[in-house]
file entry-v2.json (JSON, C-alpha atoms)
[["chain", "number", "residue", "atom", "x", "y", "z"],
["D", 1, "ASN", "CA", -0.65, 16.84, -5.60],
["D", 2, "SER", "CA", 1.28, 15.61, -8.64],
["D", 3, "PRO", "CA", 3.38, 12.42, -8.54],
["D", 4, "PRO", "CA", 7.18, 12.76, -8.19],
["D", 5, "ALA", "CA", 9.04, 13.32, -11.47],
["D", 6, "ALA", "CA", 11.13, 10.21, -10.73],
["D", 7, "GLY", "CA", 8.04, 8.07, -10.16],
["D", 8, "SER", "CA", 6.79, 6.46, -7.00],
["D", 9, "PHE", "CA", 9.19, 5.69, -4.18],
["D", 10, "ASN", "CA", 9.29, 1.92, -3.62],
["D", 11, "LYS", "CA", 11.17, 1.03, -0.44],
["D", 12, "ASP", "CA", 11.59, -2.56, -1.72],
["D", 13, "ALA", "CA", 13.45, -1.50, -4.89],
["D", 14, "GLU", "CA", 17.26, -1.57, -5.12],
["D", 15, "TYR", "CA", 18.45, 2.03, -4.77],
["D", 16, "ARG", "CA", 21.95, 3.29, -5.52],
["D", 17, "LEU", "CA", 23.88, 4.97, -2.72],
["D", 18, "LYS", "CA", 27.24, 6.68, -2.89],
["D", 19, "CYS", "CA", 29.13, 7.00, 0.37],
["D", 20, "HIS", "CA", 32.02, 9.45, 0.52],
["D", 21, "VAL", "CA", 34.44, 8.36, 3.24],
["D", 22, "ARG", "CA", 36.20, 11.54, 4.34],
["D", 23, "LYS", "CA", 39.15, 12.07, 6.63],
["D", 24, "GLY", "CA", 38.33, 14.50, 9.42],
["D", 25, "HIS", "CA", 35.33, 15.49, 11.51],
["D", 26, "VAL", "CA", 32.11, 16.64, 9.86],
["D", 27, "ARG", "CA", 32.28, 19.96, 11.78],
["D", 28, "ASP", "CA", 35.62, 20.71, 10.07],
["D", 29, "ASN", "CA", 34.09, 20.47, 6.56],
["D", 30, "PRO", "CA", 36.64, 17.97, 5.16],
["D", 31, "ARG", "CA", 36.85, 17.71, 1.38],
["D", 32, "SER", "CA", 37.44, 14.91, -1.13],
["D", 33, "GLY", "CA", 37.50, 11.38, 0.24],
["D", 34, "THR", "CA", 37.10, 7.87, -1.07],
["D", 35, "PRO", "CA", 33.76, 7.20, -2.79],
["D", 36, "PHE", "CA", 31.99, 3.86, -2.45],
["D", 37, "ASP", "CA", 28.97, 2.90, -4.56],
["D", 38, "PHE", "CA", 26.51, 0.27, -3.42],
["D", 39, "THR", "CA", 22.85, -0.70, -3.61],
["D", 40, "VAL", "CA", 20.37, -1.26, -0.83],
["D", 41, "LYS", "CA", 16.67, -1.77, -0.39],
["D", 42, "ILE", "CA", 15.39, 0.98, 1.89],
["D", 43, "SER", "CA", 13.08, -1.62, 3.47],
["D", 44, "GLU", "CA", 16.19, -3.51, 4.69],
["D", 45, "GLY", "CA", 16.91, -0.57, 6.98],
["D", 46, "LEU", "CA", 19.82, 1.63, 7.91],
["D", 47, "GLU", "CA", 21.81, -1.14, 9.60],
["D", 48, "VAL", "CA", 22.20, -3.00, 6.28],
["D", 49, "ALA", "CA", 23.37, 0.17, 4.53],
["D", 50, "LYS", "CA", 25.85, 0.94, 7.34],
["D", 51, "ALA", "CA", 27.16, -2.63, 7.32],
["D", 52, "LYS", "CA", 27.98, -2.32, 3.61],
["D", 53, "VAL", "CA", 29.87, 0.95, 4.18],
["D", 54, "LEU", "CA", 31.73, -0.34, 7.24],
["D", 55, "THR", "CA", 32.80, -3.47, 5.36],
["D", 56, "PHE", "CA", 34.16, -1.28, 2.55],
["D", 57, "VAL", "CA", 36.01, 1.03, 4.96],
["D", 58, "ARG", "CA", 37.63, -1.84, 6.85],
["D", 59, "ARG", "CA", 38.70, -3.68, 3.67],
["D", 60, "SER", "CA", 39.72, -0.76, 1.48],
["D", 61, "ILE", "CA", 41.18, 2.02, 3.61],
["D", 62, "SER", "CA", 44.17, 0.75, 5.57],
["D", 63, "GLY", "CA", 44.51, 2.14, 9.06],
["D", 64, "ALA", "CA", 41.15, 3.92, 8.91],
["D", 65, "GLN", "CA", 39.62, 4.58, 12.30],
["D", 66, "LEU", "CA", 36.02, 5.68, 12.42],
["D", 67, "ILE", "CA", 35.21, 8.90, 14.20],
["D", 68, "SER", "CA", 31.76, 7.36, 14.68],
["D", 69, "GLU", "CA", 29.55, 4.87, 12.89],
["D", 70, "TYR", "CA", 27.17, 7.66, 11.92],
["D", 71, "LEU", "CA", 26.13, 7.84, 8.30],
["D", 72, "TYR", "CA", 25.37, 11.40, 7.20],
["D", 73, "PHE", "CA", 22.85, 12.16, 4.46],
["D", 74, "LYS", "CA", 22.85, 14.92, 1.85],
["D", 75, "ARG", "CA", 19.22, 16.07, 1.81],
["D", 76, "SER", "CA", 19.28, 17.95, -1.49],
["D", 77, "LYS", "CA", 21.53, 18.59, -4.49],
["D", 78, "GLY", "CA", 23.04, 21.84, -3.19],
["D", 79, "CYS", "CA", 23.03, 21.03, 0.53],
["D", 80, "PRO", "CA", 26.24, 22.14, 2.34],
["D", 81, "GLN", "CA", 28.02, 19.76, 4.75],
["D", 82, "SER", "CA", 26.83, 21.83, 7.69],
["D", 83, "GLN", "CA", 23.27, 20.75, 6.88],
["D", 84, "TYR", "CA", 23.87, 17.01, 6.41],
["D", 85, "VAL", "CA", 21.50, 14.93, 8.50],
["D", 86, "THR", "CA", 22.59, 12.03, 10.70],
["D", 87, "LEU", "CA", 20.65, 9.02, 9.51],
["D", 88, "SER", "CA", 18.85, 6.93, 12.11],
["D", 89, "ASP", "CA", 16.55, 3.93, 12.07],
["D", 90, "GLU", "CA", 13.69, 6.38, 12.58],
["D", 91, "ASN", "CA", 14.47, 8.72, 9.67],
["D", 92, "PHE", "CA", 16.16, 6.49, 7.07],
["D", 93, "GLU", "CA", 13.04, 5.78, 5.05],
["D", 94, "SER", "CA", 11.55, 9.27, 5.32],
["D", 95, "MET", "CA", 14.82, 11.03, 4.38],
["D", 96, "THR", "CA", 15.41, 8.85, 1.32],
["D", 97, "GLU", "CA", 11.79, 9.20, 0.21],
["D", 98, "ARG", "CA", 11.94, 12.98, 0.69],
["D", 99, "ARG", "CA", 15.14, 13.20, -1.39],
["D", 100, "TRP", "CA", 13.65, 10.97, -4.12],
["D", 101, "LYS", "CA", 10.75, 13.41, -4.44],
["D", 102, "LEU", "CA", 13.24, 16.26, -5.07],
["D", 103, "ILE", "CA", 14.45, 14.71, -8.33],
["D", 104, "THR", "CA", 13.38, 17.13, -11.04],
["D", 105, "GLN", "CA", 11.76, 16.49, -14.40],
["D", 106, "ARG", "CA", 14.87, 18.08, -15.91],
["D", 107, "ASP", "CA", 17.01, 15.35, -14.26],
["D", 108, "VAL", "CA", 14.70, 12.59, -15.48],
["D", 109, "THR", "CA", 14.67, 13.97, -19.04],
["D", 110, "SER", "CA", 18.46, 14.34, -19.07],
["D", 111, "TRP", "CA", 18.99, 10.72, -17.96],
["D", 112, "ALA", "CA", 16.45, 9.46, -20.53],
["D", 113, "ASN", "CA", 18.26, 11.35, -23.31],
["D", 114, "GLU", "CA", 21.75, 9.98, -22.57],
["D", 115, "GLU", "CA", 23.44, 7.79, -25.18],
["D", 116, "GLN", "CA", 22.50, 4.82, -22.97],
["D", 117, "PRO", "CA", 19.13, 5.97, -21.55],
["D", 118, "LYS", "CA", 18.64, 5.41, -17.83],
["D", 119, "THR", "CA", 15.65, 5.50, -15.51],
["D", 120, "PRO", "CA", 15.88, 7.41, -12.21],
["D", 121, "LEU", "CA", 16.29, 4.09, -10.38],
["D", 122, "GLU", "CA", 19.25, 3.21, -12.63],
["D", 123, "LYS", "CA", 20.92, 6.64, -12.52],
["D", 124, "PHE", "CA", 20.15, 8.47, -9.28],
["D", 125, "GLU", "CA", 22.41, 8.02, -6.24],
["D", 126, "PHE", "CA", 21.56, 9.02, -2.70],
["D", 127, "GLU", "CA", 24.66, 10.69, -1.28],
["D", 128, "THR", "CA", 25.92, 9.69, 2.16],
["D", 129, "PHE", "CA", 29.08, 10.46, 4.09],
["D", 130, "MET", "CA", 31.15, 8.76, 6.79],
["D", 131, "TYR", "CA", 34.10, 10.34, 8.56],
["D", 132, "ILE", "CA", 37.37, 8.69, 9.63],
["D", 133, "HIS", "CA", 40.54, 9.71, 11.49]]
call {"tool": "encode", "arguments": {"input": "entry-v2.json", "output": "structure tokens"}}
result
Amino acid sequence: NSPPAAGSFNKDAEYRLKCHVRKGHVRDNPRSGTPFDFTVKISEGLEVAKAKVLTFVRRSISGAQLISEYLYFKRSKGCPQSQYVTLSDENFESMTERRWKLITQRDVTSWANEEQPKTPLEKFEFETFMYIH
């Protein structure tokens, strides 16, 4: 069993997350939305990540009303919205670790060869989604 191309998953490291706040219900496949980038230690848990997103939504998107406080997770690069997973306290760590292990050697090499080389921890973003009315 070879180690992940991106290196070991360390739940105490600061990981980058991108949350796309989309207008409409997840079942309706809404497009676009307002992106929000933030960092979180996976060991801090889902509630800390959700609190950061909710603070952004309330401060930055006037009149936004949450459909729910669920945070949806994109499990792989090509995953369609219909297959996003609702994050929970029980699956937050396992889902992020599973996605980290899907980073390819091609990704790692590409980031290392950029004009300003980056490590997977500096470049990779876990993608999450929240839906508003």
call {"tool": "atom_distance", "arguments": {"input": "entry-v2.json", "atom1": "CA of Leu87 in chain D", "atom2": "CA of Gly33 in chain D"}}
result
19.4 Å
call {"tool": "residues_around", "arguments": {"input": "entry-v2.json", "residues": "range 17-21 of chain D", "least_positions_apart": "3", "cutoff": "8 Å", "atoms": "only C-alpha atoms", "output": "ChimeraX atom specification"}}
result
/D:32-40,53,57,125-132
call {"tool": "residues_around", "arguments": {"input": "entry-v2.json", "residues": "Thr96 in chain D", "least_positions_apart": "2", "cutoff": "12 Å", "atoms": "all atoms listed in the file", "output": "ChimeraX atom specification"}}
result
/D:9-11,15-17,40-43,45-46,72-76,85,87-94,98-103,124-128
call {"tool": "closest_residue", "arguments": {"input": "entry-v2.json", "among": "D:Ala64, D:Ala6, D:Val48, D:Val26", "to": "Arg106 in chain D", "atoms": "only C-alpha atoms"}}
result
D:Ala6
call {"tool": "atom_distance", "arguments": {"input": "entry-v2.json", "atom1": "CA of His25 in chain D", "atom2": "CA of Ala51 in chain D"}}
result
20.3 Å
call {"tool": "closest_residue", "arguments": {"input": "entry-v2.json", "among": "D:Arg59, D:Glu14, D:Glu69, D:Asp28", "to": "Glu47 in chain D", "atoms": "all atoms listed in the file"}}
result
D:Glu69
call {"tool": "atom_distance", "arguments": {"input": "entry-v2.json", "atom1": "CA of Glu97 in chain D", "atom2": "CA of Ala112 in chain D"}}
result
21.3 Å
call {"tool": "closest_residue", "arguments": {"input": "entry-v2.json", "among": "D:Ser82, D:Pro120, D:Gln105, D:Asp12", "to": "Pro30 in chain D", "atoms": "all atoms listed in the file"}}
result
D:Ser82
call {"tool": "closest_residue", "arguments": {"input": "entry-v2.json", "among": "D:Lys118, D:Val108, D:Asn113, D:Cys79", "to": "Gly7 in chain D", "atoms": "all atoms listed in the file"}}
result
D:Val108
call {"tool": "closest_residue", "arguments": {"input": "entry-v2.json", "among": "D:Gln116, D:Met95, D:His133, D:Thr104", "to": "Leu66 in chain D", "atoms": "all atoms listed in the file"}}
result
D:His133
call {"tool": "closest_residue", "arguments": {"input": "entry-v2.json", "among": "D:Phe56, D:Asn29, D:Arg22, D:Gly63", "to": "Gln81 in chain D", "atoms": "all atoms listed in the file"}}
result
D:Asn29
